[in-house]
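Just below is one structure, and these are the notes that go with it.
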Amino acid sequence: MKKTNLFAITTLLLLGAIFFSCSNSSGGPQEQPQVQSRPNVTLNASLSALDIAKKMECGWNLGNTLDYRLCDGNYPCNYGLSAETAWGEVLTTEQIIKTGIQNGYKTIRIPVTWFNHLVDANYTIDPKWMARVKQVVNWAIDAGYYVILNEHHSVHEEKNSKPLQRYAGYIIRSGDEEESKRFLEAVWKQIAAAFNNEYDEHLIFETLNEPRNIGHEHEWSPVPDSCEECKANVQLLKECNQLILNTIRSSGGNNANRCVMVPALGTQLQPALDLGLNMLPVDSASQKLMATVHWYPLDGGNTGHYSHHFDSDTKNSIKSNMEELNQKFISHGIPVVIGEYGATRKAYDWNTNQPIADYVVTYQDRLECFSYLASFGGKYSVPLLNWDADNKWGSGSNTIDRKTCSLVEPALVAAIIKAWKDARSAASQEAADKVLYDAQGGAGNKVTTSGRAAYWPLDAAVDLSGYKYLDIEFSCSAGAGKELVLQPMSGIQSGGHPQGRISVNAPIAANTIMQTKFGTNYGKYLDYSTNPATEVAIADNYFGSIQIFVQDSENGYNPVDGIDVYVTKVIATNAAR
């Protein structure tokens with residue numbers, strides 16, 4: 001035997017051993033997983049959800065694995081442990097789990113489907129399935145991850161099946177409320193019991209994944225303002241999230257203060273932005289809720305359809321949506337987790353198994369887009385979790401090769417993680433946004449202009465040292481040819497800070513935001529108590545009120561009386577608009 005052949009055989013044997021240790025496990029899908037009980041641990045209840053979000057950084061999903069959803073149509077059904085590999089992924093091993101954290105990831109989301117693992121009429125989850133889920137979760141906890149455990153694919157997908165059959169999961173649809181709630185409460189009681197005092201704050205629960213009214217015309221883009229069924233669905237989802245949260249909290253122990261992630265309809269971005277804090281259930285714990293959205297900026301939900309390059313429109317969309325998430329959630333102490341993002345490397349039509357000819361997303365698109373998204377993620381402490389799943393064509397969005405326990409595109413992963421960390425480091429040098437006033441969807445405080453003597457006051461002056469701007473949200477009834485001026489006033493000294501101004505060509509819509517400069521670092525302001533107005537040095541960083549007036553920009557900038565201005569939100573920030 002030649003030396004070169006001996007070397008080749010030795011290499012193959014070594015690679016085979018590595019492959020076996022990476023993608024195989026002694027606890028195979030047909031065997032009872034051996035899970036030892038863990039000692040009880042203390043959850044650090046003093047950490048807020050926002051504190052934890054800052055530590056979660058970037059991560060991945062164990063996609064297309066424990067979340068297999070099919071059933072034979074006979075309920076209750078139990079697909080068994082073989083479900084784990086039914087969508088083509090290899091059997092999960094401890095080394096696969098470790099691969100992510102060894103390459104810079106801090107969080108893993110473990111999607112789990114439960115409706116097809118029920119063993120009796122009491123909605124009892126198969127003990128073998130529960131043991132397997134615990135085994136994978138334990139590997140992730142022991143590796144050092146923050147772990148998100150959810151209910152993933154039990155939303156009923158038989159579109160024409162009405163009413164919802166018993167034990168067939170749940171659906172956010174009028175008429176099926178009773179069975180949906182019965183299923184969700186039963187399943188979450190068992191999850192909460194199995195995952196409680198053995199796990200500290202590193203374990204996070206996610207109530208539901210992409211909950212929606214499957215088959216409805218507005219399944220993925222609900223319009224509750226114009227669609228009665230959508231409006232009912234919004235309410236039903238809120239009730240389901242409340243039911244699940246109550247079930248988790250009532251299990252006591254560490255679950256009384258565990259962080260819980262909550263989605264809007266479809267876990268979509270726009271429904272979350274439309275509802276804001278109103279999408280959240282009422283929590284008995286303090287500052288332990290997270291909002292979650294799924295965001296695929298380059299194609300339609302990782303399907304390969306609707307693909308486009310990373311262009312200026314996509315860039316602007318990321319910036320504006322992240323800023324709005326910050327305004328509506330994060331600035332109020334509610335972190336947002338992007339539970340899924342990504343884009344497939346190559347695209348195939350799932351129905352025809354043929355390539356999608358007009359798929360355009362390139363490696364460079366993904367690198368630039370996801371690094372840009374990560375820069376805002378770090379800035380606002382928004383964890384980003386890649387939807388990590390391969391498929392039979394090798395065209396998936398996975399960043400981890402589970403057969404070799406290595407990264408598919410190491411430079412891409414490194415760039416995303418670096419962008420997130422760099423932005424978080426820069427943001428940590430500045431104070432977090434501070435909400436000074438929020439009408440919570442109400443009409444706001446009305447101020448009627450009267451010369452330059454009308455003010456909207458705080459109850460007391462606030463020291464805002466460390467802040468550069470005030471974002472003032474408002475609406476106004478002024479018409480064409482006018483200019484609205486908002487100027488923060490100190491409340492301590494006789495004077496204000498650099499004002500914001502906007503020309504008015506029509507009545508200003510609700511939720512318009514004007515940014516004004518703030519603080520001694522901006523040096524001077526215009527004092528309109530003199531005629532003409534004079535510049536005055538700013539001597540402090542206190543904020544006490546907003547001077548509000550409208551002037552006629554077509555007639556000597558004289559003040560206009562009797563204009564109604566409604567202030568709906570005031571936020572101190574360091575983020576320039």
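Letters for chains follow the order of the structure tokens (A, B, ...), residue numbers begin at 1 for each chain, and ligand numbers begin at 1 in the order shown.
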
If you run DSSP on the backbone here, which positions in stretch 241-458 of chain A get strand (DSSP E)? Please write them as a ChimeraX atom specification. /A:260-263,289-294,336-341,384-386,400-401,406-407,434-438,445-448,454-458

Would you save the residues of that selection, restricted to N, CA and C atoms, as a JSON list (two decimals), in the first residue's frame?
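Dumped everything to again.json:
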```json
[["chain", "number", "residue", "atom", "x", "y", "z"],
["A", 260, "VAL", "N", -40.71, 36.58, 29.32],
["A", 260, "VAL", "CA", -41.63, 35.96, 28.37],
["A", 260, "VAL", "C", -41.73, 36.86, 27.13],
["A", 261, "MET", "N", -41.52, 36.25, 25.96],
["A", 261, "MET", "CA", -41.61, 36.95, 24.68],
["A", 261, "MET", "C", -43.02, 36.80, 24.12],
["A", 262, "VAL", "N", -43.54, 37.91, 23.55],
["A", 262, "VAL", "CA", -44.93, 37.94, 23.07],
["A", 262, "VAL", "C", -44.97, 38.47, 21.64],
["A", 263, "PRO", "N", -45.67, 37.80, 20.72],
["A", 263, "PRO", "CA", -45.80, 38.29, 19.34],
["A", 263, "PRO", "C", -47.14, 38.96, 19.09],
["A", 289, "LEU", "N", -41.38, 41.41, 30.30],
["A", 289, "LEU", "CA", -41.95, 41.10, 28.99],
["A", 289, "LEU", "C", -41.04, 41.58, 27.88],
["A", 290, "MET", "N", -41.01, 40.81, 26.79],
["A", 290, "MET", "CA", -40.32, 41.18, 25.57],
["A", 290, "MET", "C", -41.32, 41.09, 24.41],
["A", 291, "ALA", "N", -41.22, 41.99, 23.46],
["A", 291, "ALA", "CA", -41.97, 41.86, 22.21],
["A", 291, "ALA", "C", -41.07, 41.13, 21.21],
["A", 292, "THR", "N", -41.68, 40.42, 20.28],
["A", 292, "THR", "CA", -40.87, 39.73, 19.28],
["A", 292, "THR", "C", -41.49, 39.90, 17.90],
["A", 293, "VAL", "N", -40.64, 40.06, 16.90],
["A", 293, "VAL", "CA", -41.06, 40.17, 15.50],
["A", 293, "VAL", "C", -40.15, 39.30, 14.64],
["A", 294, "HIS", "N", -40.66, 38.93, 13.48],
["A", 294, "HIS", "CA", -39.85, 38.25, 12.46],
["A", 294, "HIS", "C", -39.67, 39.21, 11.29],
["A", 336, "VAL", "N", -37.24, 44.39, 22.22],
["A", 336, "VAL", "CA", -37.77, 43.69, 21.06],
["A", 336, "VAL", "C", -36.73, 42.68, 20.61],
["A", 337, "VAL", "N", -37.16, 41.45, 20.35],
["A", 337, "VAL", "CA", -36.28, 40.40, 19.84],
["A", 337, "VAL", "C", -36.69, 40.08, 18.41],
["A", 338, "ILE", "N", -35.75, 40.18, 17.48],
["A", 338, "ILE", "CA", -36.02, 39.71, 16.12],
["A", 338, "ILE", "C", -35.76, 38.21, 16.13],
["A", 339, "GLY", "N", -36.83, 37.46, 16.34],
["A", 339, "GLY", "CA", -36.71, 36.02, 16.55],
["A", 339, "GLY", "C", -36.32, 35.26, 15.31],
["A", 340, "GLU", "N", -36.57, 35.84, 14.14],
["A", 340, "GLU", "CA", -36.15, 35.24, 12.87],
["A", 340, "GLU", "C", -35.78, 36.34, 11.90],
["A", 341, "TYR", "N", -34.65, 36.16, 11.22],
["A", 341, "TYR", "CA", -34.30, 36.97, 10.06],
["A", 341, "TYR", "C", -33.45, 36.07, 9.17],
["A", 384, "LEU", "N", -30.73, 39.57, 17.52],
["A", 384, "LEU", "CA", -31.03, 39.10, 16.16],
["A", 384, "LEU", "C", -30.77, 37.60, 16.09],
["A", 385, "LEU", "N", -31.77, 36.81, 15.67],
["A", 385, "LEU", "CA", -31.62, 35.36, 15.60],
["A", 385, "LEU", "C", -31.86, 34.89, 14.17],
["A", 386, "ASN", "N", -30.82, 34.40, 13.55],
["A", 386, "ASN", "CA", -30.92, 33.90, 12.18],
["A", 386, "ASN", "C", -31.80, 32.65, 12.13],
["A", 400, "ILE", "N", -24.93, 27.47, 10.33],
["A", 400, "ILE", "CA", -24.21, 26.36, 10.95],
["A", 400, "ILE", "C", -24.42, 25.10, 10.14],
["A", 401, "ASP", "N", -23.33, 24.48, 9.73],
["A", 401, "ASP", "CA", -23.38, 23.18, 9.05],
["A", 401, "ASP", "C", -23.43, 22.11, 10.13],
["A", 406, "SER", "N", -19.52, 23.22, 11.88],
["A", 406, "SER", "CA", -18.71, 24.38, 11.50],
["A", 406, "SER", "C", -19.63, 25.43, 10.90],
["A", 407, "LEU", "N", -19.09, 26.64, 10.72],
["A", 407, "LEU", "CA", -19.88, 27.70, 10.10],
["A", 407, "LEU", "C", -19.86, 27.56, 8.58],
["A", 434, "LYS", "N", -35.35, 58.29, 27.10],
["A", 434, "LYS", "CA", -36.16, 58.46, 28.30],
["A", 434, "LYS", "C", -37.49, 59.08, 27.92],
["A", 435, "VAL", "N", -38.58, 58.36, 28.20],
["A", 435, "VAL", "CA", -39.92, 58.86, 27.90],
["A", 435, "VAL", "C", -40.35, 59.82, 29.02],
["A", 436, "LEU", "N", -40.60, 61.06, 28.65],
["A", 436, "LEU", "CA", -41.02, 62.08, 29.61],
["A", 436, "LEU", "C", -42.53, 62.24, 29.65],
["A", 437, "TYR", "N", -43.17, 61.92, 28.53],
["A", 437, "TYR", "CA", -44.63, 61.99, 28.48],
["A", 437, "TYR", "C", -45.11, 61.10, 27.35],
["A", 438, "ASP", "N", -46.22, 60.38, 27.57],
["A", 438, "ASP", "CA", -46.80, 59.52, 26.54],
["A", 438, "ASP", "C", -48.31, 59.49, 26.75],
["A", 445, "ASN", "N", -52.12, 66.32, 25.12],
["A", 445, "ASN", "CA", -52.36, 67.60, 25.77],
["A", 445, "ASN", "C", -52.56, 68.70, 24.72],
["A", 446, "LYS", "N", -53.66, 69.38, 24.85],
["A", 446, "LYS", "CA", -54.00, 70.43, 23.89],
["A", 446, "LYS", "C", -53.44, 71.77, 24.34],
["A", 447, "VAL", "N", -52.77, 72.43, 23.39],
["A", 447, "VAL", "CA", -52.28, 73.79, 23.61],
["A", 447, "VAL", "C", -52.83, 74.66, 22.47],
["A", 448, "THR", "N", -53.47, 75.77, 22.81],
["A", 448, "THR", "CA", -53.98, 76.70, 21.80],
["A", 448, "THR", "C", -53.05, 77.90, 21.73],
["A", 454, "ALA", "N", -47.82, 80.61, 24.69],
["A", 454, "ALA", "CA", -48.46, 79.34, 25.02],
["A", 454, "ALA", "C", -47.40, 78.28, 25.30],
["A", 455, "TYR", "N", -47.63, 77.50, 26.36],
["A", 455, "TYR", "CA", -46.66, 76.49, 26.79],
["A", 455, "TYR", "C", -47.36, 75.18, 27.11],
["A", 456, "TRP", "N", -46.65, 74.08, 26.90],
["A", 456, "TRP", "CA", -47.06, 72.77, 27.43],
["A", 456, "TRP", "C", -46.07, 72.41, 28.52],
["A", 457, "PRO", "N", -46.53, 72.30, 29.80],
["A", 457, "PRO", "CA", -45.58, 72.12, 30.90],
["A", 457, "PRO", "C", -45.51, 70.68, 31.42],
["A", 458, "LEU", "N", -44.32, 70.30, 31.92],
["A", 458, "LEU", "CA", -44.19, 69.12, 32.75],
["A", 458, "LEU", "C", -44.66, 69.46, 34.16]]
```

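With only C-alpha atoms as the basis for measurement, A:Asp433 is the residue among A:Glu89, A:Asp433, A:Glu151, A:Glu178 that approaches A:His332 most closely.
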
As a PyMOL selection string, please: the residues near A:Gly169 (cut-off 6 Å, only C-alpha atoms, same-chain neighbours under 5 positions excluded). chain A and resi 115+154-156

Atom pair atom CA of A:Phe310 / atom CA of A:Ser371: separation (Å): 11.2 Å
